[in-house]
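Below is one structure, written out as structure tokens; the observations come after it.
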Amino acid sequence: MFDFKREKQAIDQQQAELTQGALAQSVNRRRFLQGLGGLGAVAMLPMPALASRSAPVRKLSLHSINTGEQVTASFWEEGRYLKEGLNTLNRIMRDYRAEEQSEIDPKLYDQLYLLQHRLGKVGEIQIISGYRSPNTNAMLRRTSRGVAKKSYHMKGQAIDLRLPGVPLAQVRQAALNMKVGGVGYYPSSNFVHLDTGPVRSWV
């Protein structure tokens with residue numbers, strides 16, 4: 001049986017340790033540049049060994065309603081992100097208008113994975129909007145309401161989505177209950193927005 005609480009704790013710890021590792025790398029690099037880095041070795045915290053505390057494989061099935069493409073890919077296995085799986089998911093999350101692809105924050109995929117298990121609905125996630133180039137975001141701001149000037153979509157940190165067979169209000173409530181990132185509710189357009197920014201919500 002999927003243990004949502006334990007899995008979320010494992011992902012939270014994973015992200016905290018990765019952040020600490022990045023900070024340690026940054027501090028050591030700065031010290032090196034200042035001549036205080038000894039032999040110049042950059043200290044890195046070890047990758048967390050989470051396989052024993054969380055699901056050994058994390059997988060998503062995404063469907064772009066704009067291009068018709070569908071993919072299923074494993075993006076995490078035995079304590080590490082899988083580059084090939086991330087690339088597969090990043091491709092379908094591209095800006096289909098401009099045909100531009102960008103790196104997507106892996107934490108967004110973790111959020112989607114947790115959301116599905118929170119709902120007990122592991123299946124297809126429909127993408128309304130993933131990555132947006134600055135030009136596409138500017139165009140949408142001119143033609144649509146509610147498009148942020150500094151949208152997280154442009155940073156590869158947001159998705160607008162639907163889960164077939166799950167009421168939109170239920171998707172929103174499950175996302176709010178996770179207390180992770182931003183959650184926007186757009187019932188008139190039939191989608192929920194998720195991002196990896198600060199915890200907040202809006203309608």
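Every chain in the structure tokens takes a letter, A first, then B, and so on in the order presented; its residues are numbered from 1, and the ligands are numbered from 1 following the presented order.
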Which residues of stretch 92-136 of chain A come within 7 Å of stretch 145-164 of chain A, and what is each one's closest atom pair and distance in Å (one decimal), counting only C-alpha atoms, sorted by chain and residue number, as a tab-separated table?
```
residue	atom	partner	partner_atom	distance
A:Ser102	CA	A:Gly156	CA	6.6
A:Glu103	CA	A:Gly156	CA	6.2
A:Ile104	CA	A:Gly156	CA	4.4
A:Asp105	CA	A:Gln157	CA	5.4
A:Leu108	CA	A:Gln157	CA	6.3
A:Glu124	CA	A:Leu163	CA	6.7
A:Ile125	CA	A:Leu163	CA	5.2
A:Gln126	CA	A:Arg162	CA	5.1
A:Ile127	CA	A:Leu161	CA	4.9
A:Ile128	CA	A:Asp160	CA	5.2
A:Ser129	CA	A:Asp160	CA	5.0
A:Gly130	CA	A:Ile159	CA	4.6
A:Tyr131	CA	A:His153	CA	5.0
A:Arg132	CA	A:Met154	CA	4.9
A:Ser133	CA	A:Met154	CA	5.7
A:Pro134	CA	A:Met154	CA	6.3
```
Output C-alpha atoms for every residue in the selection just made, as a PDB file, in the first residue's frame.
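Contents of the output file again-v6.pdb:
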```pdb
ATOM      1  CA  SER A 102      13.428  23.848 -21.348  1.00  0.00           C
ATOM      2  CA  GLU A 103      14.581  22.070 -18.216  1.00  0.00           C
ATOM      3  CA  ILE A 104      11.624  21.421 -15.928  1.00  0.00           C
ATOM      4  CA  ASP A 105      12.143  21.553 -12.173  1.00  0.00           C
ATOM      5  CA  LEU A 108       7.302  19.590 -10.149  1.00  0.00           C
ATOM      6  CA  GLU A 124      -2.864   9.920 -17.250  1.00  0.00           C
ATOM      7  CA  ILE A 125      -2.244  13.572 -16.421  1.00  0.00           C
ATOM      8  CA  GLN A 126      -3.460  15.972 -19.095  1.00  0.00           C
ATOM      9  CA  ILE A 127      -1.168  18.939 -19.763  1.00  0.00           C
ATOM     10  CA  ILE A 128      -2.929  22.184 -20.611  1.00  0.00           C
ATOM     11  CA  SER A 129       0.244  24.248 -20.325  1.00  0.00           C
ATOM     12  CA  GLY A 130       3.788  23.387 -19.274  1.00  0.00           C
ATOM     13  CA  TYR A 131       6.867  25.415 -20.137  1.00  0.00           C
ATOM     14  CA  ARG A 132       6.267  28.785 -21.815  1.00  0.00           C
ATOM     15  CA  SER A 133       8.869  30.842 -23.619  1.00  0.00           C
ATOM     16  CA  PRO A 134       8.938  34.560 -22.747  1.00  0.00           C
TER      17      PRO A 134
END
```
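Distances here use only C-alpha atoms; by that measure, the residue among A:Leu168, A:Trp76, A:Ala175, A:Val203 closest to A:Asp110 is A:Trp76.
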Could you list, as a short mmCIF file (atom, residue, chain, number, x, y, z; two decimals) with N, CA and C atoms, in the first residue's frame, every residue within 8 Å of stretch 67-71 of chain A, counting only C-alpha atoms and ignoring same-chain residues fewer than 3 positions away?
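Okay, result_24.cif is ready:
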```cif
data_model
loop_
_atom_site.label_atom_id
_atom_site.label_comp_id
_atom_site.auth_asym_id
_atom_site.auth_seq_id
_atom_site.Cartn_x
_atom_site.Cartn_y
_atom_site.Cartn_z
N SER A 61 2.63 9.39 -16.32
CA SER A 61 2.08 9.31 -17.68
C SER A 61 1.47 10.66 -18.00
N LEU A 62 2.02 11.33 -19.02
CA LEU A 62 1.56 12.67 -19.39
C LEU A 62 0.96 12.66 -20.79
N HIS A 63 -0.09 13.47 -20.97
CA HIS A 63 -0.77 13.59 -22.25
C HIS A 63 -0.95 15.07 -22.57
N SER A 64 -0.33 15.53 -23.63
CA SER A 64 -0.50 16.92 -24.06
C SER A 64 -1.77 17.02 -24.89
N THR A 88 12.47 12.87 -21.36
CA THR A 88 11.22 12.46 -22.01
C THR A 88 10.06 13.32 -21.53
N LEU A 89 9.99 13.54 -20.22
CA LEU A 89 8.92 14.37 -19.67
C LEU A 89 9.10 15.83 -20.07
N ILE A 92 7.65 16.60 -23.64
CA ILE A 92 6.21 16.76 -23.80
C ILE A 92 5.71 18.01 -23.07
N TYR A 96 4.69 24.25 -26.99
CA TYR A 96 4.34 23.69 -28.30
C TYR A 96 4.11 24.79 -29.34
#
```
A:Glu84 environment, 12 Å, only C-alpha atoms, sequence neighbours closer than 4 positions dropped, as a ChimeraX atom specification: /A:72-77,80,88-91
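Here atom CA of A:Met139 is placed at a distance of 21.6 Å from atom CA of A:Tyr185.
Candidate residues A:Arg58, A:Tyr186, A:Leu86, A:Gly123 were compared for distance to A:Pro106, and the nearest is A:Leu86, using only C-alpha atoms.
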Sel. of alpha helix (DSSP H) residues, stretch 125-199 of chain A, as a VMD selection string: chain A and resid 134 to 143 168 to 178
Expected answer as a ChimeraX atom specification: strand (DSSP E or B) residues in stretch 26-189 of chain A: /A:57-64,70-77,80-81,95,100,124-129,158-162,182-186
Within 12 Å of A:Val166 using only C-alpha atoms, minus same-chain residues under 6 positions, as number ranges by chain: A: 115-116, 119-126, 172-174, 190-192
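Residues with any atom within 9 Å of A:Lys107, counting only C-alpha atoms and excluding same-chain neighbours fewer than 5 positions away, are Ile11, Gln15, Leu112, Gln157 and Thr196 of chain A.
Nearest residue to A:Asp3, choosing from A:Arg141, A:Arg118, A:Leu60, A:Ala98 and counting only C-alpha atoms: A:Arg118.
One distance worth recording is that between atom CA of A:Val183 and atom CA of A:Ser201, which is 4.7 Å.
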